[in-house]
Structures are given as C-alpha cells and as structure tokens.
>>> print(open('target_38.pdb').read())   # PDB, C-alpha atoms
ATOM      1  CA  GLY A 356      95.708 118.915  95.222  1.00  0.00           C
ATOM      2  CA  ASP A 357      97.478 117.211  92.371  1.00  0.00           C
ATOM      3  CA  SER A 358      96.080 113.826  91.358  1.00  0.00           C
ATOM      4  CA  VAL A 359      96.266 111.089  88.735  1.00  0.00           C
ATOM      5  CA  THR A 360      93.409 108.907  87.489  1.00  0.00           C
ATOM      6  CA  GLN A 361      93.903 105.574  85.767  1.00  0.00           C
ATOM      7  CA  THR A 362      90.658 104.327  84.277  1.00  0.00           C
ATOM      8  CA  GLU A 363      91.436 100.629  84.023  1.00  0.00           C
ATOM      9  CA  GLY A 364      92.111  98.599  87.130  1.00  0.00           C
ATOM     10  CA  GLN A 365      93.008  95.535  85.100  1.00  0.00           C
ATOM     11  CA  VAL A 366      93.659  94.835  81.419  1.00  0.00           C
ATOM     12  CA  ALA A 367      93.863  91.323  79.990  1.00  0.00           C
ATOM     13  CA  LEU A 368      95.312  90.861  76.487  1.00  0.00           C
ATOM     14  CA  SER A 369      96.724  88.148  74.293  1.00  0.00           C
ATOM     15  CA  GLU A 370     100.320  88.286  73.072  1.00  0.00           C
ATOM     16  CA  GLU A 371     100.829  90.680  70.136  1.00  0.00           C
ATOM     17  CA  ASP A 372      97.703  92.676  71.019  1.00  0.00           C
ATOM     18  CA  PHE A 373      97.788  96.475  71.105  1.00  0.00           C
ATOM     19  CA  LEU A 374      97.845  98.024  74.564  1.00  0.00           C
ATOM     20  CA  THR A 375      96.357 101.282  75.791  1.00  0.00           C
ATOM     21  CA  ILE A 376      96.218 102.264  79.455  1.00  0.00           C
ATOM     22  CA  HIS A 377      94.517 105.580  80.100  1.00  0.00           C
ATOM     23  CA  CYS A 378      95.956 108.206  82.420  1.00  0.00           C
ATOM     24  CA  ASN A 379      94.501 111.623  83.170  1.00  0.00           C
ATOM     25  CA  TYR A 380      95.899 114.129  85.605  1.00  0.00           C
ATOM     26  CA  SER A 381      94.864 117.197  87.548  1.00  0.00           C
ATOM     27  CA  ALA A 382      97.510 119.693  88.588  1.00  0.00           C
ATOM     28  CA  SER A 383      97.670 123.362  89.458  1.00  0.00           C
ATOM     29  CA  GLY A 384     101.050 123.823  87.814  1.00  0.00           C
ATOM     30  CA  TYR A 385     102.910 122.276  84.886  1.00  0.00           C
ATOM     31  CA  PRO A 386     103.985 118.854  86.130  1.00  0.00           C
ATOM     32  CA  ALA A 387     106.315 116.274  84.712  1.00  0.00           C
ATOM     33  CA  LEU A 388     104.547 113.010  83.897  1.00  0.00           C
ATOM     34  CA  PHE A 389     105.890 109.504  84.392  1.00  0.00           C
ATOM     35  CA  TRP A 390     105.152 105.852  83.840  1.00  0.00           C
ATOM     36  CA  TYR A 391     106.451 103.302  86.323  1.00  0.00           C
ATOM     37  CA  VAL A 392     106.197  99.503  86.198  1.00  0.00           C
ATOM     38  CA  GLN A 393     106.066  97.231  89.232  1.00  0.00           C
ATOM     39  CA  TYR A 394     106.679  93.497  89.243  1.00  0.00           C
ATOM     40  CA  PRO A 395     105.639  91.230  92.157  1.00  0.00           C
ATOM     41  CA  GLY A 396     107.907  91.646  95.167  1.00  0.00           C
ATOM     42  CA  GLU A 397     109.698  94.640  93.669  1.00  0.00           C
ATOM     43  CA  GLY A 398     109.504  98.397  94.005  1.00  0.00           C
ATOM     44  CA  PRO A 399     108.258 100.549  91.125  1.00  0.00           C
ATOM     45  CA  GLN A 400     110.758 100.938  88.292  1.00  0.00           C
ATOM     46  CA  PHE A 401     111.033 104.057  86.162  1.00  0.00           C
ATOM     47  CA  LEU A 402     109.848 103.439  82.605  1.00  0.00           C
ATOM     48  CA  PHE A 403     109.999 106.916  81.065  1.00  0.00           C
ATOM     49  CA  ARG A 404     108.960 110.549  81.526  1.00  0.00           C
ATOM     50  CA  ALA A 405     107.774 113.610  79.593  1.00  0.00           C
ATOM     51  CA  SER A 406     108.076 117.121  80.934  1.00  0.00           C
ATOM     52  CA  ARG A 407     106.378 119.403  78.402  1.00  0.00           C
ATOM     53  CA  ASP A 408     103.325 119.536  76.208  1.00  0.00           C
ATOM     54  CA  LYS A 409     103.422 117.251  73.111  1.00  0.00           C
ATOM     55  CA  GLU A 410     106.645 115.571  74.264  1.00  0.00           C
ATOM     56  CA  LYS A 411     106.707 111.809  73.715  1.00  0.00           C
ATOM     57  CA  GLY A 412     108.363 109.546  76.228  1.00  0.00           C
ATOM     58  CA  SER A 413     109.260 105.979  75.338  1.00  0.00           C
ATOM     59  CA  SER A 414     111.087 102.891  76.532  1.00  0.00           C
ATOM     60  CA  ARG A 415     111.060  99.148  75.750  1.00  0.00           C
ATOM     61  CA  GLY A 416     108.402  99.648  73.062  1.00  0.00           C
ATOM     62  CA  PHE A 417     106.072 101.570  75.387  1.00  0.00           C
ATOM     63  CA  GLU A 418     105.260 105.182  74.654  1.00  0.00           C
ATOM     64  CA  ALA A 419     103.067 108.049  75.816  1.00  0.00           C
ATOM     65  CA  THR A 420     102.579 111.655  74.698  1.00  0.00           C
ATOM     66  CA  TYR A 421     102.072 114.543  77.102  1.00  0.00           C
ATOM     67  CA  ASN A 422      98.798 116.279  76.198  1.00  0.00           C
ATOM     68  CA  LYS A 423      98.192 119.442  78.194  1.00  0.00           C
ATOM     69  CA  GLU A 424      94.902 120.204  76.473  1.00  0.00           C
ATOM     70  CA  THR A 425      93.278 116.912  77.441  1.00  0.00           C
ATOM     71  CA  THR A 426      95.430 116.510  80.600  1.00  0.00           C
ATOM     72  CA  SER A 427      96.362 113.010  79.525  1.00  0.00           C
ATOM     73  CA  PHE A 428      99.405 110.754  79.260  1.00  0.00           C
ATOM     74  CA  HIS A 429      98.082 107.436  77.901  1.00  0.00           C
ATOM     75  CA  LEU A 430     100.436 104.463  77.768  1.00  0.00           C
ATOM     76  CA  GLN A 431     100.558 102.451  74.531  1.00  0.00           C
ATOM     77  CA  LYS A 432     102.436  99.503  73.120  1.00  0.00           C
ATOM     78  CA  ALA A 433     101.921  98.051  69.661  1.00  0.00           C
ATOM     79  CA  SER A 434     102.513  94.397  70.511  1.00  0.00           C
ATOM     80  CA  VAL A 435     102.567  93.118  74.086  1.00  0.00           C
ATOM     81  CA  GLN A 436     104.476  90.090  75.294  1.00  0.00           C
ATOM     82  CA  GLU A 437     103.871  87.804  78.255  1.00  0.00           C
ATOM     83  CA  SER A 438     106.885  89.363  79.964  1.00  0.00           C
ATOM     84  CA  ASP A 439     105.059  92.725  80.003  1.00  0.00           C
ATOM     85  CA  SER A 440     102.655  91.386  82.631  1.00  0.00           C
ATOM     86  CA  ALA A 441     102.993  93.731  85.613  1.00  0.00           C
ATOM     87  CA  VAL A 442     101.295  96.684  87.310  1.00  0.00           C
ATOM     88  CA  TYR A 443     101.720 100.027  85.539  1.00  0.00           C
ATOM     89  CA  TYR A 444     101.523 103.329  87.375  1.00  0.00           C
ATOM     90  CA  CYS A 445     101.077 106.769  85.939  1.00  0.00           C
ATOM     91  CA  ALA A 446     102.532 109.510  88.128  1.00  0.00           C
ATOM     92  CA  LEU A 447     103.071 113.226  88.122  1.00  0.00           C
ATOM     93  CA  GLY A 448     105.974 115.111  89.620  1.00  0.00           C
ATOM     94  CA  GLU A 449     106.046 118.627  90.906  1.00  0.00           C
ATOM     95  CA  TRP A 450     108.216 120.781  88.703  1.00  0.00           C
ATOM     96  CA  GLY A 451     110.625 123.138  90.403  1.00  0.00           C
ATOM     97  CA  SER A 452     111.012 121.047  93.517  1.00  0.00           C
ATOM     98  CA  ALA A 453     112.611 117.682  93.930  1.00  0.00           C
ATOM     99  CA  LEU A 454     110.985 115.646  91.205  1.00  0.00           C
ATOM    100  CA  GLY A 455     110.836 112.681  93.525  1.00  0.00           C
ATOM    101  CA  ARG A 456     107.701 114.154  94.999  1.00  0.00           C
ATOM    102  CA  LEU A 457     105.580 111.845  92.877  1.00  0.00           C
ATOM    103  CA  HIS A 458     101.806 111.489  92.947  1.00  0.00           C
ATOM    104  CA  PHE A 459     100.829 108.021  91.718  1.00  0.00           C
ATOM    105  CA  GLY A 460      97.637 106.749  90.185  1.00  0.00           C
ATOM    106  CA  ALA A 461      95.975 103.607  91.530  1.00  0.00           C
ATOM    107  CA  GLY A 462      97.732 101.415  89.000  1.00  0.00           C
ATOM    108  CA  THR A 463      96.626  99.133  86.163  1.00  0.00           C
ATOM    109  CA  GLN A 464      97.405  95.445  86.258  1.00  0.00           C
ATOM    110  CA  LEU A 465      98.320  94.141  82.827  1.00  0.00           C
ATOM    111  CA  ILE A 466      97.864  90.422  82.244  1.00  0.00           C
ATOM    112  CA  VAL A 467      99.205  89.090  78.951  1.00  0.00           C
ATOM    113  CA  ILE A 468      98.011  85.617  78.013  1.00  0.00           C
ATOM    114  CA  PRO A 469     100.425  83.580  75.875  1.00  0.00           C
TER
ATOM    115  CA  GLU B 217     125.880 100.210  91.249  1.00  0.00           C
ATOM    116  CA  ALA B 218     123.980  98.997  94.322  1.00  0.00           C
ATOM    117  CA  GLY B 219     120.347  99.944  94.445  1.00  0.00           C
ATOM    118  CA  VAL B 220     118.227 101.149  97.334  1.00  0.00           C
ATOM    119  CA  THR B 221     118.405  98.589 100.136  1.00  0.00           C
ATOM    120  CA  GLN B 222     115.655  98.073 102.677  1.00  0.00           C
ATOM    121  CA  SER B 223     115.303  95.788 105.674  1.00  0.00           C
ATOM    122  CA  PRO B 224     113.542  93.820 106.851  1.00  0.00           C
ATOM    123  CA  ARG B 225     111.663  92.555 103.801  1.00  0.00           C
ATOM    124  CA  TYR B 226     108.715  91.377 105.856  1.00  0.00           C
ATOM    125  CA  ALA B 227     107.281  92.131 109.303  1.00  0.00           C
ATOM    126  CA  VAL B 228     104.257  90.736 111.125  1.00  0.00           C
ATOM    127  CA  LEU B 229     103.077  92.521 114.271  1.00  0.00           C
ATOM    128  CA  GLN B 230     100.214  92.547 116.677  1.00  0.00           C
ATOM    129  CA  GLU B 231      98.360  95.802 117.172  1.00  0.00           C
ATOM    130  CA  GLY B 232     100.136  98.065 119.609  1.00  0.00           C
ATOM    131  CA  GLN B 233     103.618  96.781 118.838  1.00  0.00           C
ATOM    132  CA  ALA B 234     106.406  98.985 117.510  1.00  0.00           C
ATOM    133  CA  VAL B 235     108.478  98.395 114.374  1.00  0.00           C
ATOM    134  CA  SER B 236     111.351 100.106 112.579  1.00  0.00           C
ATOM    135  CA  PHE B 237     112.233 100.011 108.919  1.00  0.00           C
ATOM    136  CA  TRP B 238     115.713 100.771 107.662  1.00  0.00           C
ATOM    137  CA  CYS B 239     116.797 102.191 104.303  1.00  0.00           C
ATOM    138  CA  ASP B 240     120.177 102.592 102.645  1.00  0.00           C
ATOM    139  CA  PRO B 241     119.842 104.845  99.571  1.00  0.00           C
ATOM    140  CA  ILE B 242     121.996 104.807  96.477  1.00  0.00           C
ATOM    141  CA  SER B 243     125.424 106.212  97.275  1.00  0.00           C
ATOM    142  CA  GLY B 244     125.587 109.937  96.568  1.00  0.00           C
ATOM    143  CA  HIS B 245     121.828 110.472  96.472  1.00  0.00           C
ATOM    144  CA  ASP B 246     120.968 113.416  98.685  1.00  0.00           C
ATOM    145  CA  THR B 247     117.185 113.008  98.552  1.00  0.00           C
ATOM    146  CA  LEU B 248     115.391 110.162 100.319  1.00  0.00           C
ATOM    147  CA  TYR B 249     111.684 109.345 100.372  1.00  0.00           C
ATOM    148  CA  TRP B 250     109.397 107.040 102.289  1.00  0.00           C
ATOM    149  CA  TYR B 251     106.216 105.894 100.576  1.00  0.00           C
ATOM    150  CA  GLN B 252     103.356 103.773 101.891  1.00  0.00           C
ATOM    151  CA  GLN B 253     101.712 101.398  99.426  1.00  0.00           C
ATOM    152  CA  PRO B 254      98.508  99.711 100.649  1.00  0.00           C
ATOM    153  CA  ARG B 255      97.590  96.518  98.845  1.00  0.00           C
ATOM    154  CA  ASP B 256      96.305  97.125  95.306  1.00  0.00           C
ATOM    155  CA  GLN B 257      96.959 100.872  95.509  1.00  0.00           C
ATOM    156  CA  GLY B 258      99.620 103.225  94.260  1.00  0.00           C
ATOM    157  CA  PRO B 259     102.428 104.453  96.516  1.00  0.00           C
ATOM    158  CA  GLN B 260     101.641 107.487  98.673  1.00  0.00           C
ATOM    159  CA  LEU B 261     104.370 109.801  99.925  1.00  0.00           C
ATOM    160  CA  LEU B 262     104.811 109.899 103.698  1.00  0.00           C
ATOM    161  CA  VAL B 263     107.948 112.010 104.138  1.00  0.00           C
ATOM    162  CA  TYR B 264     111.066 113.066 102.295  1.00  0.00           C
ATOM    163  CA  PHE B 265     114.488 114.447 103.159  1.00  0.00           C
ATOM    164  CA  ARG B 266     117.174 116.442 101.485  1.00  0.00           C
ATOM    165  CA  ASP B 267     120.356 115.425 103.255  1.00  0.00           C
ATOM    166  CA  GLU B 268     119.369 115.276 106.944  1.00  0.00           C
ATOM    167  CA  ALA B 269     116.611 117.900 106.700  1.00  0.00           C
ATOM    168  CA  VAL B 270     112.934 116.998 106.477  1.00  0.00           C
ATOM    169  CA  ILE B 271     111.457 118.719 103.423  1.00  0.00           C
ATOM    170  CA  ASP B 272     107.879 117.564 103.866  1.00  0.00           C
ATOM    171  CA  ASN B 273     106.334 115.300 106.483  1.00  0.00           C
ATOM    172  CA  SER B 274     102.777 116.587 106.201  1.00  0.00           C
ATOM    173  CA  GLN B 275     101.443 113.134 105.240  1.00  0.00           C
ATOM    174  CA  LEU B 276     103.145 111.348 108.108  1.00  0.00           C
ATOM    175  CA  PRO B 277     100.741 110.359 110.927  1.00  0.00           C
ATOM    176  CA  SER B 278     102.865 112.182 113.463  1.00  0.00           C
ATOM    177  CA  ASP B 279     101.298 110.702 116.539  1.00  0.00           C
ATOM    178  CA  ARG B 280     102.635 107.224 115.761  1.00  0.00           C
ATOM    179  CA  PHE B 281     105.051 107.537 112.849  1.00  0.00           C
ATOM    180  CA  SER B 282     108.502 109.093 112.909  1.00  0.00           C
ATOM    181  CA  ALA B 283     111.346 109.227 110.404  1.00  0.00           C
ATOM    182  CA  VAL B 284     114.948 110.317 110.735  1.00  0.00           C
ATOM    183  CA  ARG B 285     118.001 110.624 108.552  1.00  0.00           C
ATOM    184  CA  PRO B 286     120.618 111.867 111.022  1.00  0.00           C
ATOM    185  CA  LYS B 287     123.740 111.883 108.827  1.00  0.00           C
ATOM    186  CA  GLY B 288     122.047 112.448 105.522  1.00  0.00           C
ATOM    187  CA  THR B 289     122.643 108.886 104.381  1.00  0.00           C
ATOM    188  CA  ASN B 290     120.657 105.987 105.880  1.00  0.00           C
ATOM    189  CA  SER B 291     117.165 106.488 107.236  1.00  0.00           C
ATOM    190  CA  THR B 292     114.811 104.837 109.700  1.00  0.00           C
ATOM    191  CA  LEU B 293     111.020 104.923 109.668  1.00  0.00           C
ATOM    192  CA  LYS B 294     109.378 103.897 112.936  1.00  0.00           C
ATOM    193  CA  ILE B 295     105.800 103.079 113.831  1.00  0.00           C
ATOM    194  CA  GLN B 296     105.300 103.453 117.560  1.00  0.00           C
ATOM    195  CA  SER B 297     102.024 101.596 118.087  1.00  0.00           C
ATOM    196  CA  ALA B 298     100.926  99.768 114.978  1.00  0.00           C
ATOM    197  CA  LYS B 299      97.297  99.506 113.882  1.00  0.00           C
ATOM    198  CA  GLN B 300      95.685  97.114 111.401  1.00  0.00           C
ATOM    199  CA  GLY B 301      95.241 100.058 109.040  1.00  0.00           C
ATOM    200  CA  ASP B 302      99.036 100.365 108.813  1.00  0.00           C
ATOM    201  CA  THR B 303      99.182  97.097 106.902  1.00  0.00           C
ATOM    202  CA  ALA B 304     100.972  98.008 103.684  1.00  0.00           C
ATOM    203  CA  THR B 305     104.307  97.884 101.902  1.00  0.00           C
ATOM    204  CA  TYR B 306     106.698 100.641 102.928  1.00  0.00           C
ATOM    205  CA  LEU B 307     108.925 101.775 100.100  1.00  0.00           C
ATOM    206  CA  CYS B 308     112.092 103.781 100.356  1.00  0.00           C
ATOM    207  CA  ALA B 309     113.376 105.708  97.341  1.00  0.00           C
ATOM    208  CA  SER B 310     116.244 108.030  96.548  1.00  0.00           C
ATOM    209  CA  SER B 311     117.303 110.523  93.930  1.00  0.00           C
ATOM    210  CA  LEU B 312     119.464 113.568  93.315  1.00  0.00           C
ATOM    211  CA  TRP B 313     117.807 116.837  94.276  1.00  0.00           C
ATOM    212  CA  ASP B 314     116.144 118.800  91.483  1.00  0.00           C
ATOM    213  CA  ARG B 315     117.940 117.579  88.375  1.00  0.00           C
ATOM    214  CA  GLY B 316     115.037 118.831  86.284  1.00  0.00           C
ATOM    215  CA  PRO B 317     114.098 116.547  83.393  1.00  0.00           C
ATOM    216  CA  ASN B 318     116.926 114.159  84.216  1.00  0.00           C
ATOM    217  CA  THR B 319     115.783 113.369  87.738  1.00  0.00           C
ATOM    218  CA  GLU B 320     115.164 109.701  88.222  1.00  0.00           C
ATOM    219  CA  VAL B 321     113.792 108.185  91.404  1.00  0.00           C
ATOM    220  CA  PHE B 322     114.974 104.711  92.374  1.00  0.00           C
ATOM    221  CA  PHE B 323     112.868 102.533  94.664  1.00  0.00           C
ATOM    222  CA  GLY B 324     113.860  99.727  96.985  1.00  0.00           C
ATOM    223  CA  LYS B 325     111.986  96.421  97.117  1.00  0.00           C
ATOM    224  CA  GLY B 326     110.026  97.555 100.158  1.00  0.00           C
ATOM    225  CA  THR B 327     109.091  96.141 103.541  1.00  0.00           C
ATOM    226  CA  ARG B 328     105.770  94.332 103.615  1.00  0.00           C
ATOM    227  CA  LEU B 329     104.101  94.990 106.974  1.00  0.00           C
ATOM    228  CA  THR B 330     101.146  92.992 108.255  1.00  0.00           C
ATOM    229  CA  VAL B 331      99.459  94.070 111.482  1.00  0.00           C
ATOM    230  CA  VAL B 332      97.109  91.482 112.970  1.00  0.00           C
TER
END
>>> encode(input="target_38.pdb", output="structure tokens")
Amino acid sequence: GDSVTQTEGQVALSEEDFLTIHCNYSASGYPALFWYVQYPGEGPQFLFRASRDKEKGSSRGFEATYNKETTSFHLQKASVQESDSAVYYCALGEWGSALGRLHFGAGTQLIVIP
Amino acid sequence: EAGVTQSPRYAVLQEGQAVSFWCDPISGHDTLYWYQQPRDQGPQLLVYFRDEAVIDNSQLPSDRFSAVRPKGTNSTLKIQSAKQGDTATYLCASSLWDRGPNTEVFFGKGTRLTVV
C-alpha cells in the first residue's frame, strides 16, 4: 500500500538555521503530496501541496519540490524562527478520489532554540 | 468561517466502557473523515463519508468501532468496549469531494482518549 517515510523523528535547530526535513514516499499511482503542521492541542493544519513532478509548493517561507524520480518531497526553510517549533507531517493523497484520503508519515518534531 | 468542531475534547475511560465522539464539519463540506492518532505517531484514517454514505471503513475495527453520518452533516464515532490500545487522539476532518489540486482538508482539534 501507499506509505510515507520521514527520516528524522526530531530536529533541533537554533534560530536562523537552515531546515531540511526528509520525506520519501511509496505509491502505486501518481499521488498528490502534502505538508501539514501540528501544534500542541491542535489538529494538523495544511501547509501546502504539490500534485505533479517538479512542482514546488510553498507557504510561510517553507517549500518542497515534488521529485518523482527520487520519490521525495523534502521540506526546507532558509531561516527558522522559534515560532516554527511544531510537528511536521508529510502526507500523500490518492489522486482521482477524494483527496482527503491522506496517508501520513510518522512526523518530525522541530524544536527551534532562541 | 467556523472550523471543524469536535466534542468532547478529552475522555478518560476504564477498559470495557463505551464512548462516543461527535463531529460538526465545516458547513457545506460533503466529505467527512475520522482519523486515529496514537501518541507520537501520524494520523491514520479509520473511515470516511461522502454525504451520508460510507466510502471506506476498511480500517475501522468493526467489532467495537462504529461511525455514522445519518443526515450527511454531523457524525458520531462510537467505541463499544474500549481497550487500552484505543488510547489515542481521534481527529475529525472535512473537505469538499474531489476538487483536484484545490482540495484542502480541515481538521478539528481532536478528542484525546485515555483508556486505563
């Protein structure tokens, strides 16, 4: 079945550091890819999506590029802030059906130290 | 615009007890989902509806879990006889059916269930 792998369980950075969170996927079809962010006590919030090869999604300074060849959708941000501390989830959605059928990775907790 | 509303926010049960979770999706959203999120894990889909019809409940432990959406608006997820392994946050989400690249799924804050 479809699945998402996030390599890092936790990332700790200082403010203004560069962020990369790795996401690789496995899917039989051509899925849409998503990043969600979850703050304590809240549900996941949509960050951005990409739905075709080489498409870049971005929001709030975060970005990721859909790479079909390497089956990856790595999240990056040039300069993190303390307010970015949260759990980040990579997810894939089944194209052609309701795109709410999301398969989530295990999540990466980002801790930004001021 | 009101978001997805869930109640209760917290529940603590003993094993064997029953519990129901309630969800009010965003007005006009025809698709509703229930996800289970164990601690320190990503959400996992349990069941989803389009209007009042179940689209997929293959991940729902059918012997103890049930979900309904009788009028295609609000929904209830029920656990008949809770087990410690059911301890998790239960998330409800909603969206518009198959809007292609513009589909966006909105999540509620969840119900945190602890079974002791």
>>> interface_residues(input="target_38.pdb", of="chain B", to="chain A", cutoff="9 Å", atoms="all atoms listed in the file", output="number ranges by chain")
B: 247-249, 256-261, 264, 266, 307-317, 319-326
>>> resolve_selection(input="target_38.pdb", expression="the PyMOL selection byres ((chain A and resi 366) around 12)", output="ChimeraX atom specification")
/A:361-365,367-369,372-377,435,439-443,462-468
>>> residues_around(input="target_38.pdb", residues="Val263 (chain B)", least_positions_apart="3", cutoff="8 Å", atoms="all atoms listed in the file", output="ChimeraX atom specification")
/B:249-251,270-276,283
>>> atom_distance(input="target_38.pdb", atom1="CA of Asp246 (chain B)", atom2="CA of Trp390 (chain A)")
23.0 Å
>>> resolve_selection(input="target_38.pdb", expression="the PyMOL selection byres ((chain B and resi 223-232) around 6)", output="JSON, numbers by chain")
{"B": [222, 233, 238, 297, 298, 299, 327, 328, 329, 330, 331, 332]}
>>> residues_around(input="target_38.pdb", residues="region 423-428 of chain A", least_positions_apart="3", cutoff="6 Å", atoms="all atoms listed in the file", output="MDAnalysis selection string")
chainID A and resid 378:380 408 419:420
>>> closest_residue(input="target_38.pdb", among="B:His245, B:Asp240, B:Leu262, B:Thr305", to="Ser291 (chain B)", atoms="all atoms listed in the file")
B:Asp240
>>> atom_distance(input="target_38.pdb", atom1="CA of Ser358 (chain A)", atom2="CA of Ser236 (chain B)")
29.5 Å
>>> atom_distance(input="target_38.pdb", atom1="CA of Leu447 (chain A)", atom2="CA of Ala382 (chain A)")
8.5 Å
>>> resolve_selection(input="target_38.pdb", expression="the PyMOL selection byres ((chain B and resi 268) around 7)", output="list in words")
Phe265, Arg266, Asp267, Ala269, Val270, Arg285, Pro286, Lys287 and Gly288 of chain B
>>> build_atoms(input="target_38.pdb", residues="region 232-258 of chain B", atoms="N, CA and C atoms", output="compact mmCIF listing (two decimals), keeping the file's coordinate frame")
# COMPACT_ATOMS: atom_id res chain seq x y z
N GLY B 232 99.51 97.49 118.42
CA GLY B 232 100.14 98.06 119.61
C GLY B 232 101.64 97.89 119.67
N GLN B 233 102.17 96.98 118.84
CA GLN B 233 103.62 96.78 118.84
C GLN B 233 104.31 97.85 118.01
N ALA B 234 105.60 98.02 118.25
CA ALA B 234 106.41 98.98 117.51
C ALA B 234 107.27 98.26 116.49
N VAL B 235 107.63 98.99 115.42
CA VAL B 235 108.48 98.40 114.37
C VAL B 235 109.30 99.51 113.74
N SER B 236 110.49 99.16 113.30
CA SER B 236 111.35 100.11 112.58
C SER B 236 111.76 99.51 111.25
N PHE B 237 111.79 100.39 110.26
CA PHE B 237 112.23 100.01 108.92
C PHE B 237 113.50 100.81 108.62
N TRP B 238 114.43 100.14 107.94
CA TRP B 238 115.71 100.77 107.66
C TRP B 238 115.93 100.87 106.16
N CYS B 239 116.55 101.97 105.73
CA CYS B 239 116.80 102.19 104.30
C CYS B 239 118.21 102.71 104.07
N ASP B 240 118.87 102.12 103.10
CA ASP B 240 120.18 102.59 102.64
C ASP B 240 120.01 103.06 101.19
N PRO B 241 120.07 104.36 100.94
CA PRO B 241 119.84 104.84 99.57
C PRO B 241 121.04 104.58 98.67
N ILE B 242 120.88 104.90 97.42
CA ILE B 242 122.00 104.81 96.48
C ILE B 242 123.08 105.81 96.89
N SER B 243 124.32 105.36 96.85
CA SER B 243 125.42 106.21 97.28
C SER B 243 125.44 107.52 96.49
N GLY B 244 125.53 108.64 97.21
CA GLY B 244 125.59 109.94 96.57
C GLY B 244 124.24 110.61 96.40
N HIS B 245 123.16 109.87 96.59
CA HIS B 245 121.83 110.47 96.47
C HIS B 245 121.52 111.27 97.72
N ASP B 246 121.21 112.56 97.53
CA ASP B 246 120.97 113.42 98.68
C ASP B 246 119.49 113.45 99.10
N THR B 247 118.62 112.94 98.26
CA THR B 247 117.18 113.01 98.55
C THR B 247 116.66 111.61 98.81
N LEU B 248 115.92 111.47 99.91
CA LEU B 248 115.39 110.16 100.32
C LEU B 248 113.92 110.30 100.65
N TYR B 249 113.14 109.32 100.22
CA TYR B 249 111.68 109.34 100.37
C TYR B 249 111.20 108.06 101.03
N TRP B 250 110.14 108.20 101.79
CA TRP B 250 109.40 107.04 102.29
C TRP B 250 107.97 107.12 101.73
N TYR B 251 107.56 106.02 101.11
CA TYR B 251 106.22 105.89 100.58
C TYR B 251 105.51 104.73 101.27
N GLN B 252 104.21 104.87 101.41
CA GLN B 252 103.36 103.77 101.89
C GLN B 252 102.51 103.28 100.72
N GLN B 253 102.50 101.97 100.51
CA GLN B 253 101.71 101.40 99.43
C GLN B 253 100.75 100.35 99.99
N PRO B 254 99.49 100.72 100.23
CA PRO B 254 98.51 99.71 100.65
C PRO B 254 98.29 98.72 99.51
N ARG B 255 97.79 97.56 99.84
CA ARG B 255 97.59 96.52 98.84
C ARG B 255 96.69 97.03 97.72
N ASP B 256 97.09 96.78 96.50
CA ASP B 256 96.30 97.12 95.31
C ASP B 256 96.09 98.63 95.15
N GLN B 257 97.01 99.41 95.69
CA GLN B 257 96.96 100.87 95.51
C GLN B 257 98.33 101.38 95.07
N GLY B 258 98.35 102.60 94.60
CA GLY B 258 99.62 103.22 94.26
C GLY B 258 100.34 103.73 95.49
